Every structure is written in structure tokens, then in C-alpha cells.
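Take a look at the structure below.
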Amino acid sequence: MPHSKTNSTVDGSRQFEGEEYDAIVIGAGFAGLYAVHKLRDQLGLSVRAFDVASDVGGTWFWNRYPGARCDIESFHYSYSFSEELQQEWKWSERFAGQPEILKYLNHVADRFDLRRNIQFNARIVSAVFDETASRWDVTTDTGVQARAQFIISGAGNLSVAKDLEFPGRETFTGEVYSTGAWPHEGVDFTGKRVGVIGTGASGIQVIPEIAKQAAHLTVFQRTPNYATPIANAPMDDEFENEVKSNYREYRTRSRNHFLGVPYNDVQPSALAVSEDDRRRTYEERWKQGGFRLFTDSFGDLLVNKDANDTVAEFVRMKIHERVSDPKVADLLAPKDYPYGTKRPPLETDYYEAYNRDNVTLVDIKGAPITAIIPTGIKTADGGAFELDVIVLAVGFDAMTGPLLNMGIVGRQGLKLTDKWEDGPLTYLGLTINGFPNLFLITGPQSPSVLYNMPLAIEDHVDFSTDAIRYMRERGMETIEPTAEAEQAWVEGSNAIAEATLLPGTDSWYMGANIPGKPRKCLVYLGGAPAYRGICDEVVAKDYDGFVLAGAESNSPLPVA
Ligand code: N01
């Protein structure tokens with residue numbers, strides 16, 4: 001790998017002692033792996049990636065809990081950049097489980113020989129922009145110092161665990177596990193009294209699996225969820241042949257869809273059809289599984305409360321059909337927020353788990369957990385639950401957490417934590433004024449988590465590497481969005497969110513799962529196709545909204 005380890009002085013700036021690269025990549029998940037490949041193999045740059053994990057995989061390295069599975073069909077939830085890769089890889093199930101996705105990412109790392117550019121077991125603790133040298137100086141907890149012109153962050157959207165709001169975790173005499181950092185050797189629940197805290201997508205995947213093994217499972221639910229069937233199945237040869245013969249067309253259809261999946265049966269409004277037709281549509285989508293109900297039934301579910309009420313009522317009815325005890329069904333059926341305004345989880349036998357004799361649902365909405373105690377969990381109404389194992393499925397400091405935990409400092413000593421004190425400020429969800437040459441893959445205020453992640457990642461890595469190529473060809477040193485472009489993007493993104501039902505619900509999309517976090521919509525809700533159109537236009541206009549500086553410049557573009 002072409003890098004030097006010298007006491008170099010760049011343009012009279014302070015002495016730098018460390019490794020020098022053209023680009024540093026943060027993370028070795030879907031984003032980091034593709035970024036390394038693009039930068040090194042297509043742009044011919046020197047590149048170093050850092051990941052705190054001991055191997056590749058990102059979210060799929062950490063989330064090894066039983067039941068972990070992707071919820072977009074694997075044919076679509078995978079890289080599209082290499083036709084050979086698409087053709088050679090065989091998925092064994094319609095929706096791959098975590099082990100298979102991790103195997104796939106390992107295959108990608110080997111096939112494209114990416115590991116030699118990745119330093120594992122290394123957490124980035126600071127990234128400081130040296131304005132004189134126009135370089136980023138990165139330090140890891142292992143003492144590595146590295147300098148690069150560009151940083152591409154693939155730090156992930158859901159990679160920093162949420163802190164517990166109640167004390168006592170360290171006093172517990174049993175075992176505690178987090179779904180987001182599951183032990184590699186697995187956990188044996190046989191004969192144990194297990195408590196799961198959290199009924200988001202992770203809790204909903206892990207609960208049925210633990211229920212099969214544990215002596216007793218107690219689920220602590222604060223807010224019920226609108227979970228719908230994933231309808232997973234072994235891969236069908238005919239379906240595989242069909243997709244592989246027409247992969248390009250499937251990918252185009254995915255890229256032209258709001259969520260990045262090749263569905264096209266959505267009807268405009270749930271209120272424009274008869275009750276019978278609406279019911280038939282919901283039944284069909286429910287049976288088809290995946291995100292069909294959410295994204296391929298009616299187009300106004302996220303913007304019209306009356307339309308949303310129809311699907312919410314349908315899901316509540318299904319929950320009641322599947323859960324034997326009406327009181328338990330009632331607790332499991334969400335009533336006070338619209339469907340889809342929290343991320344809708346997909347499930348396999350989730351509701352049936354509550355029909356088992358060894359599973360108890362505890363409603364902690366009114367009587368929250370106050371502490372973990374040596375013997376188990378205590379609730380505000382005086383309840384004390386004796387447990388051998390506690391499983392935390394309480395979620396993440398989503399979207400901004402990974403970036404704010406890395407000691408990022410931009411021009412003039414501006415800390416990202418200060419800049420984002422009242423919520424994220426980005427241009428296109430990709431770049432930040434005051435932080436030149438830093439690209440955020442699936443950053444806040446981009447479609448990110450409301451788009452098929454591998455495709456969202458490819459789009460962002462391509463945008464970033466195209467910008468780098470453009471700069472290199474013109475001898476430019478820095479790219480940075482103007483303050484005006486950033487402000488307009490943030491206002492536009494917030495305005496779109498305000499036109500939907502999302503801001504009214506406490507969800508991680510809104511930062512509302514973390515006490516004290518600014519309540520701002522963290523996702524661009526205009527949809528991936530519209531978003532891509534905007535990015536294409538920015539590029540077509542020679543990086544409209546950016547200032548590029550160096551030997552030549554693209555002035556008369558606006559200057560911050
Ligand atoms: O986290 P969450 P997650 N006391 O924040 C509860 C992706 N994902 O890890 O809703 C008691 O959704 C909290 O309650 P409430 C996916 O994008 C994908 O499950 O805040 N309970 C909630 O029930 C997903 O959206 C897959 O009232 C507390 C739960 O913990 C995202 O990751 C699989 C609590 C947290 O739910 C996050 O999902 C899994 C407290 N103090 C995850 N604090 C795929 O299928 C929190 N909770 C690809």
C-alpha cells in the first residue's frame with residue numbers, strides 16, 4: 001500500500017508524524033468495504049480504513065443475536081457494483097440471516113482483496129482538520145496517527161448503543177447481553193429465566209428465538225410496535241434465475257423506488273378505494289411479506305392520518321387474530337401513534353411467542369423500569385422480576401451518535417459536537433460546512449435508513465469518489481458546502497418531514513429515543529429517486545452549492 005511514515009512537513013504546517021494516505025475510510029461494513037474498493041481500485045488512491053471490530057461486517061459483525069435477519073430481500077439488499085459478484089453469490093433464503101450476510105461481506109472482502117487496507121481493532125478517537133495543510137489528522141485508540149486529504153465515513157447509522165436510563169446494570173449477578181454487541185460464541189438460554197427489554201426491530205426478532213429455549217421469558221414492553229410478517233422462505237431456483245437474468249433491470253427499478261426495492265404495485269390513496277378493495281390490498285401485502293404493506297399498498301399512509309388509520313386498524317386486527325389472550329393482544333396492539341412513523345419491524349412468529357406458557361408480557365409504559373438490581377429488574381409500581389439473564393434491545397443513538405462520538409474537529413477548531421448541538425446540519429446529508437473533504441456515507445438528512453442501505457451506500461460512495469476524481473483532475477485541494485447551501489438543505493429536509501406524520505411520533509428517526517437529544521428529523525423523506533435527481537443536478541452544475549478550492553477553482557460558485 002503506498003503510504004509513507006515520515007516526519008513530514010506539509011506546506012510549512014506543523015510537523016506531522018504518522019502514516020499518510022490520500023483517503024481514510026471509517027468502518028469496514030457495507031460502506032467502508034465499497035469505499036476502499038472504489039478509492040483504491042478505481043481511483044488508484046492510497047487508502048486506509050479503520051474499524052473498531054476485529055473483522056469486516058459492520059452492523060452484521062455486531063448484531064449476531066438469534067433471529068437477526070435483513071428485512072429487504074437479499075437479492076436487493078446486496079451490492080450492485082459488480083455484475084460478477086451478483087451472479088456468483090448464492091443466497092440460501094429470501095431474506096438472509098445475519099450469518100449469511102456476514103459470510104457475504106467476508107466474501108466481498110476476500111474477492112476484492114480489501115483486508116490489506118483495513119486496520120481492525122482500532123477506534124478513531126479524533127479526526128482534526130489541519131487547515132494549513134488541508135489534511136485530516138486521525139488518531140486511533142491504538143495510538144496510530146494517520147493523515148489524509150479525504151475522509152469517507154462509513155461509521156454506520158445504528159452503531160452506537162443507547163445508554164440505559166436506569167441504574168444498576170453492573171450490580172446484576174446474572175448475565176447481561178445487548179443485541180447490538182452479541183457474543184460471538186452465542187448464548188445458551190436453556191433452563192434460564194430471561195428478561196428482554198425493548199420491542200423494536202431487534203427485540204421483535206430475538207424474542208421468538210429466546211422463547212423457544214428459555215425456561216421463562218419476560219418481555220418488558222414500553223411501546224408496542226406494528227410488526228408485520230417477513231414471509232421468509234428458502235431461495236427458490238426459479239426466482240433466483242429470474243432475478244439473475246434481469247439483475248440490471250431489477251436494480252434500476254429498485255433505484256427508482258422510494259425505499260429502494262423493485263416494487264411497483266402501490267396505489268395512490270387508501271381513501272380512494274372501497275373498503276373491500278382496501279382490505280384485499282392489505283391482505284395481499286400482508287401475505288407477500290417484507291415491506292410490501294408499508295411501501296407497496298397505498299402512497300398516502302405516511303402523509304394522511306385518515307389513510308394511516310385504515311392500515312393501523314388492519315394490523316391491530318391481525319394482532320388480535322394471532323394472540324390468544326385478548327388482554328395480551330390489546331397490550332401488543334399500538335394505538336397512540338400512526339403505523340410506519342416508528343420503523344415498522346418485520347417478524348417471524350413474534351405474536352405467537354406470546355401464546356406460549358413460558359412467555360409473559362409486562363407493560364412498563366405506566367410503571368417504567370427504575371433499576372436493574374442484583375436479582376433482576378425493578379419497576380416503578382414496586383414490581384421485582386427475578387432473572388438469570390437480561391437482554392437489552394433498547395436501540396441506538398441513531399444517525400448522529402456515531403459521528404459525534406469520534407472527536408471530529410473542522411476548520412478553525414470547530415467541533416462537530418458544537419456545530420450539531422441543536423441537531424445535524426448537512427448539505428445533501430453528505431457533507432458539512434466547516435468540515436472540508438469529509439464525506440458522510442448515508443449521513444443524517446439523506447434517505448439512508450429509509451432506502452435500501454447497500455444501494456444508498458453505493459450512491460453516496462459513488463458521489464464522494466466522483467467528487468474526489470473531479471478535484472484530482474483539476475488539481476483542487478478541498479471541497480466544502482457553503483453555509484447557504486447547507487441551510488437551504490436542512491430547511492428543505494425539515495419541511496418535507498413536517499409534511500409527513502413522522503414528527504408527531506417519538507422515534508429514533510426524530511432523535512426522540514435519547515433523552516436530551518434535539519428533536520429533529522434525521523432522515524430525508526423526499527425519497528431516494530428525488531434525492532438522486534438532486535445530487536445529479538448538483539454534479540451537473542459543477543458541484544453546485546460547494547466551494548472547491550485549490551490550483552484552480554470552480555468560482556463563480558458561491559463562497560461561504
Ligand atoms: O431499537 P429501537 P432496535 N425502558 O430503538 C425500548 C434497525 N434494525 O435495536 O419505543 C424500556 O427500534 C424502546 O421503547 P420505546 C432498524 O432500522 C434492523 O430494535 O422507546 N424500554 C423500544 O421498544 C431498527 O429500527 C433490523 O418506548 C426502552 C426498544 O427499546 C433499528 O435498527 C433488525 C427503554 C428500542 O427499539 C433499531 O432497532 C434490527 C427504556 N429505558 C434492527 N429505552 C433488520 O431487520 C428503549 N426502550 C435489518
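Residues in the C-alpha cells are named by chain (A, B, ... in the order shown) and by number from 1 within that chain; ligands are numbered from 1 in the order shown.
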
Can you pull out every residue with an atom within 7 Å of ligand 1? Use only C-alpha atoms and all ligand atoms and format it as a ChimeraX atom specification. /A:68-71,158,164-166,180,197-203,205,220-224,343,345-346,364,368-369,393-396,449,507-508,513

Review point. Which polymer residues have any atom within 12 Å of an atom of region 421-423 of chain A, counting only C-alpha atoms, with same-chain residues fewer than 5 positions away left out, as a list in words?
Key: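 So, after excluding close chain neighbours, the residues are Met399, Thr400, Gly401, Leu404, Leu414, Lys415, Leu416, Pro444, Gln445, Val490, Asn494, Met510, Gly511, Ala512, Gly516, Lys517, Pro518, Arg519, Lys520, Cys521, Leu522 and Val523 of chain A.
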
At a cut-off of 10 Å, using only C-alpha atoms, what residues contact Phe95 (chain A)? Leave out same-chain residues fewer than 4 positions from it and give the result as a list in words. Arg69, Cys70, Asp71, Ile72, Glu73, Ser74, Phe75, His76, Tyr77, Trp91, Glu100, Ile101, Ile230, Ala231, Asn232, Ala233, Pro234, Met235 and Gly290 of chain A

Name the residues in contact with Asp462 (chain A) at a cut-off of 12 Å, using only C-alpha atoms, excluding same-chain residues fewer than 2 positions from it; report them as a count of residues only.
33

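Going from CA of Lys192 (chain A) to CA of Tyr354 (chain A) covers 17.4 Å.
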
* **Long-range neighbours of Gly174 (chain A) as a PyMOL selection string, 9 Å cut-off, only C-alpha atoms, 3 positions minimum in chain** => chain A and resi 374-376+387-390
